[in-house]
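**Student:** Here you go, protein17.cif (mmCIF, N, CA and C atoms):
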data_entry
loop_
_atom_site.group_PDB
_atom_site.id
_atom_site.type_symbol
_atom_site.label_atom_id
_atom_site.label_comp_id
_atom_site.auth_asym_id
_atom_site.auth_seq_id
_atom_site.Cartn_x
_atom_site.Cartn_y
_atom_site.Cartn_z
ATOM 1 N N MET A 1 11.349 6.067 2.539
ATOM 2 C CA MET A 1 11.334 6.099 3.982
ATOM 3 C C MET A 1 9.904 6.297 4.460
ATOM 4 N N LEU A 2 9.607 5.743 5.601
ATOM 5 C CA LEU A 2 8.251 5.786 6.136
ATOM 6 C C LEU A 2 8.323 5.978 7.638
ATOM 7 N N ALA A 3 7.439 6.790 8.149
ATOM 8 C CA ALA A 3 7.364 7.001 9.590
ATOM 9 C C ALA A 3 5.964 6.647 10.059
ATOM 10 N N GLY A 4 5.875 5.914 11.149
ATOM 11 C CA GLY A 4 4.576 5.621 11.729
ATOM 12 C C GLY A 4 3.947 6.910 12.247
ATOM 13 N N VAL A 5 2.653 6.943 12.322
ATOM 14 C CA VAL A 5 1.945 8.116 12.819
ATOM 15 C C VAL A 5 1.403 7.758 14.189
ATOM 16 N N GLY A 6 2.070 8.253 15.253
ATOM 17 C CA GLY A 6 1.645 7.929 16.609
ATOM 18 C C GLY A 6 1.689 6.432 16.841
ATOM 19 N N GLU A 7 0.563 5.894 17.262
ATOM 20 C CA GLU A 7 0.466 4.460 17.540
ATOM 21 C C GLU A 7 0.186 3.643 16.289
ATOM 22 N N ARG A 8 -0.019 4.294 15.182
ATOM 23 C CA ARG A 8 -0.313 3.577 13.930
ATOM 24 C C ARG A 8 0.994 3.088 13.317
ATOM 25 N N ARG A 9 1.411 1.905 13.777
ATOM 26 C CA ARG A 9 2.706 1.346 13.403
ATOM 27 C C ARG A 9 2.599 0.157 12.473
ATOM 28 N N HIS A 10 1.421 -0.144 11.965
ATOM 29 C CA HIS A 10 1.256 -1.277 11.057
ATOM 30 C C HIS A 10 0.971 -0.737 9.666
ATOM 31 N N PHE A 11 1.667 -1.295 8.677
ATOM 32 C CA PHE A 11 1.664 -0.733 7.328
ATOM 33 C C PHE A 11 1.170 -1.738 6.298
ATOM 34 N N ALA A 12 0.276 -1.265 5.433
ATOM 35 C CA ALA A 12 -0.191 -2.038 4.279
ATOM 36 C C ALA A 12 -0.006 -1.157 3.055
ATOM 37 N N ALA A 13 0.165 -1.767 1.876
ATOM 38 C CA ALA A 13 0.356 -0.996 0.647
ATOM 39 C C ALA A 13 -0.327 -1.692 -0.522
ATOM 40 N N LEU A 14 -0.923 -0.893 -1.374
ATOM 41 C CA LEU A 14 -1.613 -1.393 -2.564
ATOM 42 C C LEU A 14 -1.654 -0.296 -3.605
ATOM 43 N N SER A 15 -1.969 -0.678 -4.827
ATOM 44 C CA SER A 15 -2.195 0.322 -5.865
ATOM 45 C C SER A 15 -3.473 -0.052 -6.606
ATOM 46 N N VAL A 16 -4.020 0.938 -7.285
ATOM 47 C CA VAL A 16 -5.242 0.743 -8.059
ATOM 48 C C VAL A 16 -4.982 1.261 -9.473
ATOM 49 N N ARG A 17 -5.159 0.368 -10.449
ATOM 50 C CA ARG A 17 -5.005 0.766 -11.851
ATOM 51 C C ARG A 17 -6.195 1.612 -12.281
ATOM 52 N N ALA A 18 -6.067 2.284 -13.401
ATOM 53 C CA ALA A 18 -7.138 3.130 -13.935
ATOM 54 C C ALA A 18 -8.419 2.338 -14.181
ATOM 55 N N ASP A 19 -8.294 1.032 -14.468
ATOM 56 C CA ASP A 19 -9.480 0.206 -14.711
ATOM 57 C C ASP A 19 -10.111 -0.317 -13.423
ATOM 58 N N GLY A 20 -9.542 0.079 -12.258
ATOM 59 C CA GLY A 20 -10.093 -0.321 -10.968
ATOM 60 C C GLY A 20 -9.465 -1.560 -10.363
ATOM 61 N N THR A 21 -8.572 -2.216 -11.087
ATOM 62 C CA THR A 21 -7.909 -3.415 -10.570
ATOM 63 C C THR A 21 -6.998 -3.045 -9.402
ATOM 64 N N VAL A 22 -7.140 -3.767 -8.297
ATOM 65 C CA VAL A 22 -6.321 -3.540 -7.105
ATOM 66 C C VAL A 22 -5.141 -4.501 -7.124
ATOM 67 N N LEU A 23 -3.947 -3.953 -6.927
ATOM 68 C CA LEU A 23 -2.723 -4.751 -6.845
ATOM 69 C C LEU A 23 -2.170 -4.599 -5.434
ATOM 70 N N TRP A 24 -2.072 -5.709 -4.707
ATOM 71 C CA TRP A 24 -1.609 -5.685 -3.314
ATOM 72 C C TRP A 24 -0.103 -5.866 -3.250
ATOM 73 N N TYR A 25 0.545 -5.083 -2.407
ATOM 74 C CA TYR A 25 1.972 -5.228 -2.134
ATOM 75 C C TYR A 25 2.185 -5.805 -0.734
ATOM 76 N N LEU A 26 1.499 -5.242 0.236
ATOM 77 C CA LEU A 26 1.553 -5.698 1.625
ATOM 78 C C LEU A 26 0.164 -5.560 2.228
ATOM 79 N N PRO A 27 -0.329 -6.469 2.953
ATOM 80 C CA PRO A 27 0.285 -7.745 3.323
ATOM 81 C C PRO A 27 0.081 -8.796 2.237
ATOM 82 N N ALA A 28 0.824 -9.894 2.346
ATOM 83 C CA ALA A 28 0.599 -11.050 1.482
ATOM 84 C C ALA A 28 -0.785 -11.620 1.811
ATOM 85 N N PRO A 29 -1.354 -12.425 0.921
ATOM 86 C CA PRO A 29 -2.722 -12.921 1.127
ATOM 87 C C PRO A 29 -2.980 -13.571 2.485
ATOM 88 N N SER A 30 -2.039 -14.307 3.017
ATOM 89 C CA SER A 30 -2.265 -15.013 4.282
ATOM 90 C C SER A 30 -1.647 -14.299 5.483
ATOM 91 N N GLU A 31 -1.184 -13.072 5.286
ATOM 92 C CA GLU A 31 -0.515 -12.342 6.364
ATOM 93 C C GLU A 31 -1.330 -11.131 6.797
ATOM 94 N N ARG A 32 -0.795 -10.424 7.772
ATOM 95 C CA ARG A 32 -1.372 -9.155 8.243
ATOM 96 C C ARG A 32 -0.368 -8.047 7.942
ATOM 97 N N SER A 33 -0.810 -6.814 8.092
ATOM 98 C CA SER A 33 0.040 -5.669 7.769
ATOM 99 C C SER A 33 1.360 -5.718 8.535
ATOM 100 N N LEU A 34 2.368 -5.100 7.942
ATOM 101 C CA LEU A 34 3.736 -5.123 8.442
ATOM 102 C C LEU A 34 3.876 -4.196 9.648
ATOM 103 N N GLU A 35 4.505 -4.680 10.720
ATOM 104 C CA GLU A 35 4.722 -3.845 11.899
ATOM 105 C C GLU A 35 6.011 -3.045 11.748
ATOM 106 N N LEU A 36 5.897 -1.727 11.923
ATOM 107 C CA LEU A 36 7.062 -0.852 11.900
ATOM 108 C C LEU A 36 7.672 -0.810 13.291
ATOM 109 N N SER A 37 8.957 -0.522 13.380
ATOM 110 C CA SER A 37 9.632 -0.449 14.677
ATOM 111 C C SER A 37 9.122 0.750 15.468
ATOM 112 N N PRO A 38 8.815 0.567 16.741
ATOM 113 C CA PRO A 38 8.326 1.691 17.543
ATOM 114 C C PRO A 38 9.418 2.712 17.805
ATOM 115 N N GLY A 39 9.066 3.985 17.723
ATOM 116 C CA GLY A 39 9.976 5.062 18.087
ATOM 117 C C GLY A 39 11.219 5.185 17.243
ATOM 118 N N ALA A 40 11.233 4.561 16.078
ATOM 119 C CA ALA A 40 12.442 4.588 15.256
ATOM 120 C C ALA A 40 12.463 5.761 14.286
ATOM 121 N N GLY A 41 11.437 6.607 14.308
ATOM 122 C CA GLY A 41 11.374 7.703 13.347
ATOM 123 C C GLY A 41 11.171 7.142 11.953
ATOM 124 N N GLU A 42 11.754 7.794 10.958
ATOM 125 C CA GLU A 42 11.631 7.284 9.595
ATOM 126 C C GLU A 42 12.455 6.017 9.446
ATOM 127 N N GLN A 43 11.922 5.082 8.679
ATOM 128 C CA GLN A 43 12.636 3.840 8.449
ATOM 129 C C GLN A 43 12.268 3.283 7.087
ATOM 130 N N ALA A 44 13.167 2.496 6.545
ATOM 131 C CA ALA A 44 12.902 1.838 5.272
ATOM 132 C C ALA A 44 12.053 0.603 5.537
ATOM 133 N N VAL A 45 11.108 0.344 4.655
ATOM 134 C CA VAL A 45 10.325 -0.879 4.734
ATOM 135 C C VAL A 45 11.153 -1.955 4.050
ATOM 136 N N GLU A 46 11.522 -2.969 4.803
ATOM 137 C CA GLU A 46 12.439 -3.977 4.293
ATOM 138 C C GLU A 46 11.703 -5.091 3.553
ATOM 139 N N ARG A 47 10.934 -4.692 2.570
ATOM 140 C CA ARG A 47 10.241 -5.641 1.699
ATOM 141 C C ARG A 47 10.396 -5.145 0.271
ATOM 142 N N LEU A 48 10.749 -6.019 -0.627
ATOM 143 C CA LEU A 48 10.876 -5.675 -2.028
ATOM 144 C C LEU A 48 9.501 -5.723 -2.674
ATOM 145 N N ILE A 49 9.155 -4.671 -3.378
ATOM 146 C CA ILE A 49 7.913 -4.653 -4.148
ATOM 147 C C ILE A 49 8.322 -4.640 -5.605
ATOM 148 N N GLU A 50 8.054 -5.746 -6.278
ATOM 149 C CA GLU A 50 8.449 -5.892 -7.667
ATOM 150 C C GLU A 50 7.288 -5.526 -8.574
ATOM 151 N N LEU A 51 7.568 -4.699 -9.570
ATOM 152 C CA LEU A 51 6.550 -4.342 -10.556
ATOM 153 C C LEU A 51 6.608 -5.390 -11.664
ATOM 154 N N GLY A 52 5.625 -6.298 -11.662
ATOM 155 C CA GLY A 52 5.592 -7.391 -12.614
ATOM 156 C C GLY A 52 4.680 -7.107 -13.798
ATOM 157 N N ASP A 53 4.337 -8.161 -14.510
ATOM 158 C CA ASP A 53 3.516 -8.053 -15.718
ATOM 159 C C ASP A 53 2.128 -7.490 -15.448
ATOM 160 N N GLU A 54 1.651 -7.598 -14.193
ATOM 161 C CA GLU A 54 0.337 -7.049 -13.850
ATOM 162 C C GLU A 54 0.349 -5.526 -13.863
ATOM 163 N N HIS A 55 1.534 -4.935 -13.897
ATOM 164 C CA HIS A 55 1.673 -3.479 -13.949
ATOM 165 C C HIS A 55 1.772 -3.045 -15.412
ATOM 166 N N VAL A 56 0.631 -3.048 -16.073
ATOM 167 C CA VAL A 56 0.586 -2.643 -17.473
ATOM 168 C C VAL A 56 0.777 -1.138 -17.563
ATOM 169 N N GLU A 57 1.082 -0.664 -18.744
ATOM 170 C CA GLU A 57 1.279 0.766 -18.958
ATOM 171 C C GLU A 57 0.059 1.546 -18.479
ATOM 172 N N GLY A 58 0.321 2.637 -17.778
ATOM 173 C CA GLY A 58 -0.784 3.470 -17.332
ATOM 174 C C GLY A 58 -0.499 4.144 -16.007
ATOM 175 N N HIS A 59 -1.537 4.769 -15.468
ATOM 176 C CA HIS A 59 -1.444 5.502 -14.202
ATOM 177 C C HIS A 59 -2.045 4.671 -13.070
ATOM 178 N N TYR A 60 -1.424 4.752 -11.911
ATOM 179 C CA TYR A 60 -1.840 4.013 -10.729
ATOM 180 C C TYR A 60 -1.948 4.974 -9.549
ATOM 181 N N ALA A 61 -2.940 4.770 -8.721
ATOM 182 C CA ALA A 61 -3.014 5.428 -7.423
ATOM 183 C C ALA A 61 -2.398 4.447 -6.428
ATOM 184 N N VAL A 62 -1.404 4.895 -5.679
ATOM 185 C CA VAL A 62 -0.695 4.032 -4.738
ATOM 186 C C VAL A 62 -1.050 4.482 -3.324
ATOM 187 N N TYR A 63 -1.437 3.519 -2.481
ATOM 188 C CA TYR A 63 -1.891 3.813 -1.121
ATOM 189 C C TYR A 63 -1.009 3.112 -0.103
ATOM 190 N N GLY A 64 -0.627 3.860 0.924
ATOM 191 C CA GLY A 64 -0.024 3.306 2.122
ATOM 192 C C GLY A 64 -1.043 3.482 3.234
ATOM 193 N N VAL A 65 -1.253 2.450 4.019
ATOM 194 C CA VAL A 65 -2.260 2.496 5.074
ATOM 195 C C VAL A 65 -1.587 2.160 6.404
ATOM 196 N N LEU A 66 -1.644 3.105 7.337
ATOM 197 C CA LEU A 66 -1.100 2.917 8.679
ATOM 198 C C LEU A 66 -2.243 2.675 9.648
ATOM 199 N N SER A 67 -2.104 1.646 10.486
ATOM 200 C CA SER A 67 -3.163 1.296 11.438
ATOM 201 C C SER A 67 -2.569 1.036 12.817
ATOM 202 N N ASP A 68 -3.446 1.054 13.821
ATOM 203 C CA ASP A 68 -3.025 0.798 15.207
ATOM 204 C C ASP A 68 -2.583 -0.640 15.415
ATOM 205 N N GLY A 69 -3.222 -1.566 14.742
ATOM 206 C CA GLY A 69 -2.924 -2.985 14.902
ATOM 207 C C GLY A 69 -2.802 -3.656 13.553
ATOM 208 N N PRO A 70 -2.380 -4.914 13.538
ATOM 209 C CA PRO A 70 -2.217 -5.634 12.282
ATOM 210 C C PRO A 70 -3.575 -5.907 11.622
ATOM 211 N N LEU A 71 -3.623 -5.714 10.303
ATOM 212 C CA LEU A 71 -4.863 -5.911 9.549
ATOM 213 C C LEU A 71 -4.656 -6.884 8.395
ATOM 214 N N THR A 72 -5.684 -7.640 8.085
ATOM 215 C CA THR A 72 -5.693 -8.473 6.883
ATOM 216 C C THR A 72 -6.040 -7.581 5.694
ATOM 217 N N ARG A 73 -5.924 -8.123 4.503
ATOM 218 C CA ARG A 73 -6.316 -7.363 3.314
ATOM 219 C C ARG A 73 -7.783 -6.953 3.386
ATOM 220 N N ALA A 74 -8.636 -7.849 3.817
ATOM 221 C CA ALA A 74 -10.071 -7.539 3.912
ATOM 222 C C ALA A 74 -10.309 -6.399 4.904
ATOM 223 N N GLN A 75 -9.589 -6.414 6.007
ATOM 224 C CA GLN A 75 -9.745 -5.348 7.004
ATOM 225 C C GLN A 75 -9.203 -4.015 6.482
ATOM 226 N N VAL A 76 -8.099 -4.054 5.729
ATOM 227 C CA VAL A 76 -7.560 -2.837 5.124
ATOM 228 C C VAL A 76 -8.579 -2.273 4.137
ATOM 229 N N ARG A 77 -9.119 -3.136 3.276
ATOM 230 C CA ARG A 77 -10.120 -2.717 2.288
ATOM 231 C C ARG A 77 -11.317 -2.064 2.974
ATOM 232 N N ALA A 78 -11.797 -2.670 4.052
ATOM 233 C CA ALA A 78 -12.953 -2.130 4.774
ATOM 234 C C ALA A 78 -12.607 -0.785 5.426
ATOM 235 N N ALA A 79 -11.422 -0.669 6.014
ATOM 236 C CA ALA A 79 -11.023 0.576 6.665
ATOM 237 C C ALA A 79 -10.804 1.701 5.662
ATOM 238 N N LEU A 80 -10.359 1.352 4.451
ATOM 239 C CA LEU A 80 -10.181 2.366 3.408
ATOM 240 C C LEU A 80 -11.522 2.917 2.940
ATOM 241 N N GLY A 81 -12.510 2.041 2.821
ATOM 242 C CA GLY A 81 -13.816 2.457 2.334
ATOM 243 C C GLY A 81 -13.843 2.564 0.817
ATOM 244 N N PRO A 82 -15.029 2.746 0.250
ATOM 245 C CA PRO A 82 -15.170 2.757 -1.208
ATOM 246 C C PRO A 82 -14.437 3.914 -1.889
ATOM 247 N N ALA A 83 -14.286 5.032 -1.214
ATOM 248 C CA ALA A 83 -13.586 6.179 -1.800
ATOM 249 C C ALA A 83 -12.083 6.136 -1.513
ATOM 250 N N ARG A 84 -11.636 5.133 -0.760
ATOM 251 C CA ARG A 84 -10.232 4.941 -0.374
ATOM 252 C C ARG A 84 -9.667 6.166 0.356
ATOM 253 N N GLU A 85 -10.494 6.774 1.196
ATOM 254 C CA GLU A 85 -10.064 7.923 1.988
ATOM 255 C C GLU A 85 -9.864 7.562 3.454
ATOM 256 N N GLY A 86 -10.278 6.378 3.865
ATOM 257 C CA GLY A 86 -10.145 5.936 5.243
ATOM 258 C C GLY A 86 -11.374 6.279 6.059
ATOM 259 N N ASP A 87 -11.643 5.447 7.058
ATOM 260 C CA ASP A 87 -12.830 5.626 7.904
ATOM 261 C C ASP A 87 -12.498 6.268 9.244
ATOM 262 N N GLY A 88 -11.282 6.793 9.392
ATOM 263 C CA GLY A 88 -10.850 7.391 10.651
ATOM 264 C C GLY A 88 -10.028 6.443 11.503
ATOM 265 N N SER A 89 -10.134 5.146 11.247
ATOM 266 C CA SER A 89 -9.373 4.176 12.041
ATOM 267 C C SER A 89 -7.978 3.944 11.478
ATOM 268 N N VAL A 90 -7.687 4.503 10.299
ATOM 269 C CA VAL A 90 -6.391 4.350 9.640
ATOM 270 C C VAL A 90 -5.937 5.712 9.110
ATOM 271 N N THR A 91 -4.633 5.819 8.896
ATOM 272 C CA THR A 91 -4.077 6.976 8.209
ATOM 273 C C THR A 91 -3.752 6.533 6.795
ATOM 274 N N VAL A 92 -4.233 7.280 5.811
ATOM 275 C CA VAL A 92 -4.052 6.912 4.413
ATOM 276 C C VAL A 92 -3.048 7.861 3.760
ATOM 277 N N LEU A 93 -2.011 7.281 3.181
ATOM 278 C CA LEU A 93 -1.015 8.022 2.408
ATOM 279 C C LEU A 93 -1.270 7.696 0.944
ATOM 280 N N ARG A 94 -1.278 8.705 0.068
ATOM 281 C CA ARG A 94 -1.585 8.452 -1.338
ATOM 282 C C ARG A 94 -0.582 9.163 -2.232
ATOM 283 N N THR A 95 -0.155 8.467 -3.267
ATOM 284 C CA THR A 95 0.688 9.056 -4.293
ATOM 285 C C THR A 95 0.298 8.424 -5.621
ATOM 286 N N THR A 96 0.958 8.807 -6.681
ATOM 287 C CA THR A 96 0.651 8.227 -7.983
ATOM 288 C C THR A 96 1.912 7.627 -8.589
ATOM 289 N N LEU A 97 1.697 6.730 -9.522
ATOM 290 C CA LEU A 97 2.771 6.048 -10.237
ATOM 291 C C LEU A 97 2.362 5.959 -11.692
ATOM 292 N N GLN A 98 3.280 6.240 -12.591
ATOM 293 C CA GLN A 98 3.017 6.044 -14.007
ATOM 294 C C GLN A 98 3.963 4.975 -14.513
ATOM 295 N N VAL A 99 3.409 3.939 -15.132
ATOM 296 C CA VAL A 99 4.202 2.876 -15.725
ATOM 297 C C VAL A 99 4.227 3.124 -17.230
ATOM 298 N N LEU A 100 5.423 3.189 -17.782
ATOM 299 C CA LEU A 100 5.601 3.434 -19.206
ATOM 300 C C LEU A 100 5.804 2.119 -19.937
ATOM 301 N N ALA A 101 5.498 2.119 -21.223
ATOM 302 C CA ALA A 101 5.686 0.918 -22.045
ATOM 303 C C ALA A 101 7.165 0.579 -22.101
ATOM 304 N N ASP A 102 7.472 -0.706 -22.086
ATOM 305 C CA ASP A 102 8.849 -1.184 -22.216
ATOM 306 C C ASP A 102 9.162 -1.264 -23.693
ATOM 307 N N GLU A 103 9.922 -0.318 -24.175
ATOM 308 C CA GLU A 103 10.220 -0.263 -25.615
ATOM 309 C C GLU A 103 11.148 -1.373 -26.049
ATOM 310 N N ALA A 104 11.817 -2.030 -25.106
ATOM 311 C CA ALA A 104 12.713 -3.136 -25.433
ATOM 312 C C ALA A 104 11.947 -4.447 -25.569
ATOM 313 N N ALA A 105 10.682 -4.458 -25.129
ATOM 314 C CA ALA A 105 9.889 -5.699 -25.209
ATOM 315 C C ALA A 105 9.548 -6.016 -26.651
ATOM 316 N N PRO A 106 9.462 -7.316 -26.983
ATOM 317 C CA PRO A 106 9.132 -7.703 -28.369
ATOM 318 C C PRO A 106 7.721 -7.331 -28.754
#
Show how you would write the structure in this file as structure tokens.

**Tutor:**
Amino acid sequence: MLAGVGERRHFAALSVRADGTVLWYLPAPSERSLELSPGAGEQAVERLIELGDEHVEGHYAVYGVLSDGPLTRAQVRAALGPAREGDGSVTVLRTTLQVLADEAAP
């Protein structure tokens, strides 16, 4: 569940692998960040994020970015800044994810 913060109703999501590789979930390459419903309180983001082969075993920092308006990936990256703490124009949510080896894989 996710709640917008004040007027920051646009959501982007990405993760960063330990080797620094960035994996984007939202927005898609040609899109802008997802608009959340105004005044709806907490809500589910109705987009499936599939963990594919690019999610190798290891630890990931996962970021949710809330902004006042829709942003492209480049704009999200710039607003996050090099330390991924945000430049004040966005609210940054951070958590971690650990991907374990698939023991059933050949």

**Student:** Rank nothing, just name the residue among A:Ala28, A:Ala74, A:Ala61, A:Leu66 nearest to Arg8 of chain A, using only C-alpha atoms.

**Tutor:** A:Leu66

**Student:** So which residues get picked by the PyMOL selection byres ((chain A and resi 90-93) around 8) here, written as a VMD selection string?

**Tutor:** chain A and resid 5 8 62 to 68 79 to 80 84 to 89 94 to 95

**Student:** Could you please write out, as a list in words, every residue of chain A that DSSP assigns to helix (DSSP H, G or I)?

**Tutor:**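 Matching residues for helix (DSSP H, G or I) in chain A are Arg73, Ala74, Gln75, Val76, Arg77, Ala78, Ala79 and Leu80 of chain A.
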
**Student:** To test the calculation: enclose all listed atoms of segment 54-72 of chain A in a box whose edges run along x, y and z, add 4 Å on each side, then state centre and edge lengths in Å to one decimal, as JSON.

**Tutor:**
{"center_x": -2.1, "center_y": -1.5, "center_z": -1.8, "size_x": 15.8, "size_y": 22.0, "size_z": 42.4}

**Student:** Compare A:Thr96, A:His10, A:Asp19, A:Pro82 by their minimum atom-to-atom distance to Tyr60 of chain A, counting only C-alpha atoms, and give me the closest one.

**Tutor:**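 Closest to Tyr60 of chain A, using only C-alpha atoms: A:Thr96.
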
**Student:** Of the candidates A:Ala101, A:Phe11, A:Gly20, A:Glu50, which one gets nearest to Ala83 of chain A if we count only C-alpha atoms?

**Tutor:** A:Gly20

**Student:** Find the distance between atom CA of Val22 of chain A and atom CA of Arg9 of chain A and write it in Å to one decimal.

**Tutor:** 22.9 Å

**Student:** Give me the residues within 8 Å of Trp24 of chain A as a list in words, counting all atoms listed in the file and dropping any in the same chain fewer than 2 places off.

**Tutor:** Ala12, Ala13, Leu14, Ser15, Val16, Thr21, Val22, Leu26, Pro27, Ala28 and Pro29 of chain A

**Student:** What does the file look like for those residues with N, CA and C atoms, as a PDB file, keeping the file's coordinate frame?

**Tutor:**
ATOM      1  N   ALA A  12       0.276  -1.265   5.433  1.00  0.00           N
ATOM      2  CA  ALA A  12      -0.191  -2.038   4.279  1.00  0.00           C
ATOM      3  C   ALA A  12      -0.006  -1.157   3.055  1.00  0.00           C
ATOM      4  N   ALA A  13       0.165  -1.767   1.876  1.00  0.00           N
ATOM      5  CA  ALA A  13       0.356  -0.996   0.647  1.00  0.00           C
ATOM      6  C   ALA A  13      -0.327  -1.692  -0.522  1.00  0.00           C
ATOM      7  N   LEU A  14      -0.923  -0.893  -1.374  1.00  0.00           N
ATOM      8  CA  LEU A  14      -1.613  -1.393  -2.564  1.00  0.00           C
ATOM      9  C   LEU A  14      -1.654  -0.296  -3.605  1.00  0.00           C
ATOM     10  N   SER A  15      -1.969  -0.678  -4.827  1.00  0.00           N
ATOM     11  CA  SER A  15      -2.195   0.322  -5.865  1.00  0.00           C
ATOM     12  C   SER A  15      -3.473  -0.052  -6.606  1.00  0.00           C
ATOM     13  N   VAL A  16      -4.020   0.938  -7.285  1.00  0.00           N
ATOM     14  CA  VAL A  16      -5.242   0.743  -8.059  1.00  0.00           C
ATOM     15  C   VAL A  16      -4.982   1.261  -9.473  1.00  0.00           C
ATOM     16  N   THR A  21      -8.572  -2.216 -11.087  1.00  0.00           N
ATOM     17  CA  THR A  21      -7.909  -3.415 -10.570  1.00  0.00           C
ATOM     18  C   THR A  21      -6.998  -3.045  -9.402  1.00  0.00           C
ATOM     19  N   VAL A  22      -7.140  -3.767  -8.297  1.00  0.00           N
ATOM     20  CA  VAL A  22      -6.321  -3.540  -7.105  1.00  0.00           C
ATOM     21  C   VAL A  22      -5.141  -4.501  -7.124  1.00  0.00           C
ATOM     22  N   LEU A  26       1.499  -5.242   0.236  1.00  0.00           N
ATOM     23  CA  LEU A  26       1.553  -5.698   1.625  1.00  0.00           C
ATOM     24  C   LEU A  26       0.164  -5.560   2.228  1.00  0.00           C
ATOM     25  N   PRO A  27      -0.329  -6.469   2.953  1.00  0.00           N
ATOM     26  CA  PRO A  27       0.285  -7.745   3.323  1.00  0.00           C
ATOM     27  C   PRO A  27       0.081  -8.796   2.237  1.00  0.00           C
ATOM     28  N   ALA A  28       0.824  -9.894   2.346  1.00  0.00           N
ATOM     29  CA  ALA A  28       0.599 -11.050   1.482  1.00  0.00           C
ATOM     30  C   ALA A  28      -0.785 -11.620   1.811  1.00  0.00           C
ATOM     31  N   PRO A  29      -1.354 -12.425   0.921  1.00  0.00           N
ATOM     32  CA  PRO A  29      -2.722 -12.921   1.127  1.00  0.00           C
ATOM     33  C   PRO A  29      -2.980 -13.571   2.485  1.00  0.00           C
TER      34      PRO A  29
END

**Student:** What gap, in Å, lies between atom CA of Leu71 of chain A and atom CA of Arg32 of chain A?

**Tutor:**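 Atom-to-atom, atom CA of Leu71 of chain A to atom CA of Arg32 of chain A, that is 4.9 Å.
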
**Student:** Measure the distance from atom C of His59 of chain A to atom N of Ala18 of chain A in Å and round it to one decimal.

**Tutor:**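 That distance, rounded to one decimal, is 4.7 Å.
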
**Student:** Give the answer as one residue: which of A:Asp102, A:Gly69, A:Glu54, A:Ile49 has the shortest atom-to-atom distance to Glu7 of chain A, using all atoms listed in the file?

**Tutor:** A:Gly69

**Student:** Using DSSP secondary structure from the backbone, list all strand (DSSP E or B) positions within chain A, as a VMD selection string.

**Tutor:** chain A and resid 2 5 8 10 to 17 22 to 26 34 to 35 43 58 to 67 90 to 99

**Student:** Could you list, as a list in words, every residue matched by the PyMOL selection byres ((chain A and resi 99) around 5) in this structure?

**Tutor:**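 So the PyMOL selection byres ((chain A and resi 99) around 5) ends up selecting Glu57, Gly58, Leu97, Gln98, Leu100 and Ala101 of chain A.
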